[in-house]
Protein chains: 2
Amino acid sequence: MKRINTTHFAILGLLRIKPMSAYELVKFSKESIGLFWNESYGHIHKSIKQLEAEGSVSVVEEAETGRRKIVYGITGQGCDQLDAWLAQKPEESVMRNELLMKIFVSEERHIPQLVAFLEEELEASRQYAAILAGIKGSVPGGESKQAQLWLLTLDYGERYLRMTIEWCQHALETLNQPHRGRTND
Amino acid sequence: MKRINTTHFAILGLLRIKPMSAYELVKFSKESIGLFWNESYGHIHKSIKQLEAEGSVSVVEEAETGRRKIVYGITGQGCDQLDAWLAQKPEESVMRNELLMKIFVSEERHIPQLVAFLEEELEASRQYAAILAGIKGSVPGGESKQAQLWLLTLDYGERYLRMTIEWCQHALETLNQPHRGRTND
DNA sequence: CGTAGCATGTAAGTTGTTACATGATTCG
DNA sequence: CGAATCATGTAACAACTTACATGCTACG
């Protein structure tokens, strides 16, 4: 069975929201779904070209003068493909969390390092959470169903970060306990 | 800058816990860190061979008679490599969640499908959470620091699943509201 | 005028998955 | 005996990342 390229569908999906250039696509995807969907520029670029050759996206607007800019839009065919993909049961989510991996394979002597990493993770998560809180107010569409869907993904991000923050705090408390709670205080 | 193969270090880390065959390695990794660390058998297999050629792991035990079985262990060199990797700041975690992606790019007409997917996700998360709860009791090592680290990763899993379950419930409530709360009840 | 950000593009390489082939053992 | 699980292995290929090259524009 041929594996399906999920990046293709991600691009199709984002272009259905609004036509964009490759560069804008990367930026938009980072800002909107970056927390739970990773893509690299090189791959997006290649995929757009493939999708264009296939007739699933097309050039909507091209600035020849001055700064180059090629805006792509989704075609009717692309829309159909996207809908067919949306109807399929989503694959199990894939995750690669190095911090967790490191914790799992660490030994007692590595704990001071882990504590430093956990502190960084905690700080980074707090910052990210602050950014998301800012975005929340600016979601367009008001009460539309569409806006509801976006808010749902944003809400996931908030919950995910809150969970991460709480877990980091718990981990730091656990690892900072000198021995086993039976200290002489 | 040469990209570093994180799979290599994952294997090294797991083999430091105990020597294992490739098959056992895959099983063990799925059962212990599978929630936040994905690997495929083919890749693990190839990586073990590379690590062996490199001298970072070695064959500890080989059953020639009857059922084949090749048990690998970490070498001193492998241990040093692993420690050097552990000392490096972990990369940002990578995630690819198709369900979230689909929600983000869906339109109002796709909502019934999304509801079905969310129900499946909710059920799957509940089942996984039940499995983790079972594992929790059987973590060996009692009060050792080592056991504490494992419990921390297990705790992450539990929090992650709890978060997912709550979010699914919230999403289902939101999407099952007929219109906008101003229904005639 | 230099730096940062906007913008497109490619080549080379690595990483990771799937599907398959093989065969032993255990258990109903 | 047939199915499930244990167990190793490979080839083909798809997915993905990185580093680089290029050049415009705005701003301080």
# chains A, B, ... in the order shown; residues from 1 in each chain; ligands from 1
>>> interface_residues(of="chain A", to="chain B", cutoff="6 Å", atoms="only C-alpha atoms", output="PyMOL selection string")
chain A and resi 13+36-37+90+93-99+104-105+107-108+145-146+150
>>> write_last_selection(atoms="N, CA, C and O atoms", output="mmCIF file, in the first residue's frame")
data_model
loop_
_atom_site.group_PDB
_atom_site.id
_atom_site.type_symbol
_atom_site.label_atom_id
_atom_site.label_comp_id
_atom_site.auth_asym_id
_atom_site.auth_seq_id
_atom_site.Cartn_x
_atom_site.Cartn_y
_atom_site.Cartn_z
ATOM 1 N N GLY A 13 -5.066 21.834 2.671
ATOM 2 C CA GLY A 13 -5.963 22.351 3.696
ATOM 3 C C GLY A 13 -5.703 23.819 4.000
ATOM 4 O O GLY A 13 -6.640 24.621 4.120
ATOM 5 N N PHE A 36 1.364 21.284 16.927
ATOM 6 C CA PHE A 36 1.048 19.859 16.741
ATOM 7 C C PHE A 36 1.258 19.376 15.316
ATOM 8 O O PHE A 36 0.842 18.279 14.954
ATOM 9 N N TRP A 37 1.916 20.207 14.512
ATOM 10 C CA TRP A 37 2.167 19.783 13.138
ATOM 11 C C TRP A 37 3.467 20.403 12.642
ATOM 12 O O TRP A 37 3.530 21.596 12.376
ATOM 13 N N PRO A 90 -8.233 9.491 10.887
ATOM 14 C CA PRO A 90 -6.869 10.003 11.063
ATOM 15 C C PRO A 90 -5.921 8.952 11.619
ATOM 16 O O PRO A 90 -6.305 8.127 12.445
ATOM 17 N N SER A 93 -1.443 9.698 16.245
ATOM 18 C CA SER A 93 -0.492 10.793 16.235
ATOM 19 C C SER A 93 0.916 10.300 16.572
ATOM 20 O O SER A 93 1.109 9.330 17.298
ATOM 21 N N VAL A 94 1.861 10.956 15.971
ATOM 22 C CA VAL A 94 3.258 10.597 16.096
ATOM 23 C C VAL A 94 3.953 11.676 16.902
ATOM 24 O O VAL A 94 3.702 12.850 16.713
ATOM 25 N N MET A 95 4.816 11.254 17.804
ATOM 26 C CA MET A 95 5.464 12.232 18.666
ATOM 27 C C MET A 95 6.894 11.787 18.888
ATOM 28 O O MET A 95 7.173 10.586 18.930
ATOM 29 N N ARG A 96 7.773 12.751 18.996
ATOM 30 C CA ARG A 96 9.149 12.434 19.350
ATOM 31 C C ARG A 96 9.632 13.464 20.331
ATOM 32 O O ARG A 96 10.006 14.567 19.977
ATOM 33 N N ASN A 97 9.596 13.092 21.562
ATOM 34 C CA ASN A 97 9.932 14.002 22.643
ATOM 35 C C ASN A 97 11.265 13.584 23.250
ATOM 36 O O ASN A 97 11.343 12.631 24.026
ATOM 37 N N GLU A 98 12.303 14.293 22.886
ATOM 38 C CA GLU A 98 13.650 13.927 23.339
ATOM 39 C C GLU A 98 13.816 14.064 24.834
ATOM 40 O O GLU A 98 14.511 13.266 25.472
ATOM 41 N N LEU A 99 13.181 15.085 25.403
ATOM 42 C CA LEU A 99 13.318 15.271 26.842
ATOM 43 C C LEU A 99 12.816 14.046 27.600
ATOM 44 O O LEU A 99 13.497 13.522 28.487
ATOM 45 N N PHE A 104 13.872 8.940 30.484
ATOM 46 C CA PHE A 104 13.676 7.495 30.606
ATOM 47 C C PHE A 104 14.979 6.719 30.657
ATOM 48 O O PHE A 104 15.102 5.740 31.397
ATOM 49 N N VAL A 105 15.968 7.147 29.888
ATOM 50 C CA VAL A 105 17.217 6.376 29.839
ATOM 51 C C VAL A 105 18.315 6.944 30.757
ATOM 52 O O VAL A 105 19.444 6.472 30.719
ATOM 53 N N GLU A 107 20.292 7.926 34.350
ATOM 54 C CA GLU A 107 20.580 7.285 35.625
ATOM 55 C C GLU A 107 20.721 8.393 36.672
ATOM 56 O O GLU A 107 20.708 9.581 36.348
ATOM 57 N N GLU A 108 20.870 7.980 37.902
ATOM 58 C CA GLU A 108 20.863 8.959 38.985
ATOM 59 C C GLU A 108 21.860 10.093 38.763
ATOM 60 O O GLU A 108 21.553 11.260 38.998
ATOM 61 N N LYS A 145 -19.043 28.482 12.801
ATOM 62 C CA LYS A 145 -18.605 27.107 13.063
ATOM 63 C C LYS A 145 -17.121 26.970 12.754
ATOM 64 O O LYS A 145 -16.385 26.269 13.419
ATOM 65 N N GLN A 146 -16.712 27.647 11.702
ATOM 66 C CA GLN A 146 -15.310 27.623 11.294
ATOM 67 C C GLN A 146 -14.405 28.127 12.420
ATOM 68 O O GLN A 146 -13.408 27.505 12.768
ATOM 69 N N TRP A 150 -11.316 26.357 14.816
ATOM 70 C CA TRP A 150 -9.997 26.907 15.094
ATOM 71 C C TRP A 150 -9.780 27.053 16.599
ATOM 72 O O TRP A 150 -8.709 26.754 17.123
#
>>> closest_atom_pairs(of="chain B", to="chain D", cutoff="7 Å", atoms="only C-alpha atoms (C1' of nucleotides)", output="tab-separated table")
residue	atom	partner	partner_atom	distance
B:Tyr23	CA	D:DA7	C1'	6.7
B:Arg68	CA	D:DA7	C1'	6.4
B:Lys69	CA	D:DA7	C1'	6.6
>>> interface_residues(of="chain C", to="chain B", cutoff="10 Å", atoms="only C-alpha atoms (C1' of nucleotides)", output="ChimeraX atom specification")
/C:13-18,23-25
>>> atom_distance(atom1="atom CA of A:Lys136", atom2="atom CA of A:Gly73")
26.4 Å
>>> select_by_dssp(residues="stretch 2-137 of chain A", states="alpha helix (DSSP H)", output="number ranges by chain")
A: 6-17, 22-32, 41-54, 76-86, 98-105, 111-136
>>> select_by_dssp(residues="stretch 14-163 of chain B", states="strand (DSSP E or B)", output="number ranges by chain")
B: 20-21, 37, 57-63, 69-74, 94-96
>>> atom_distance(atom1="atom CA of B:Gln77", atom2="atom CA of B:Ser56")
5.5 Å
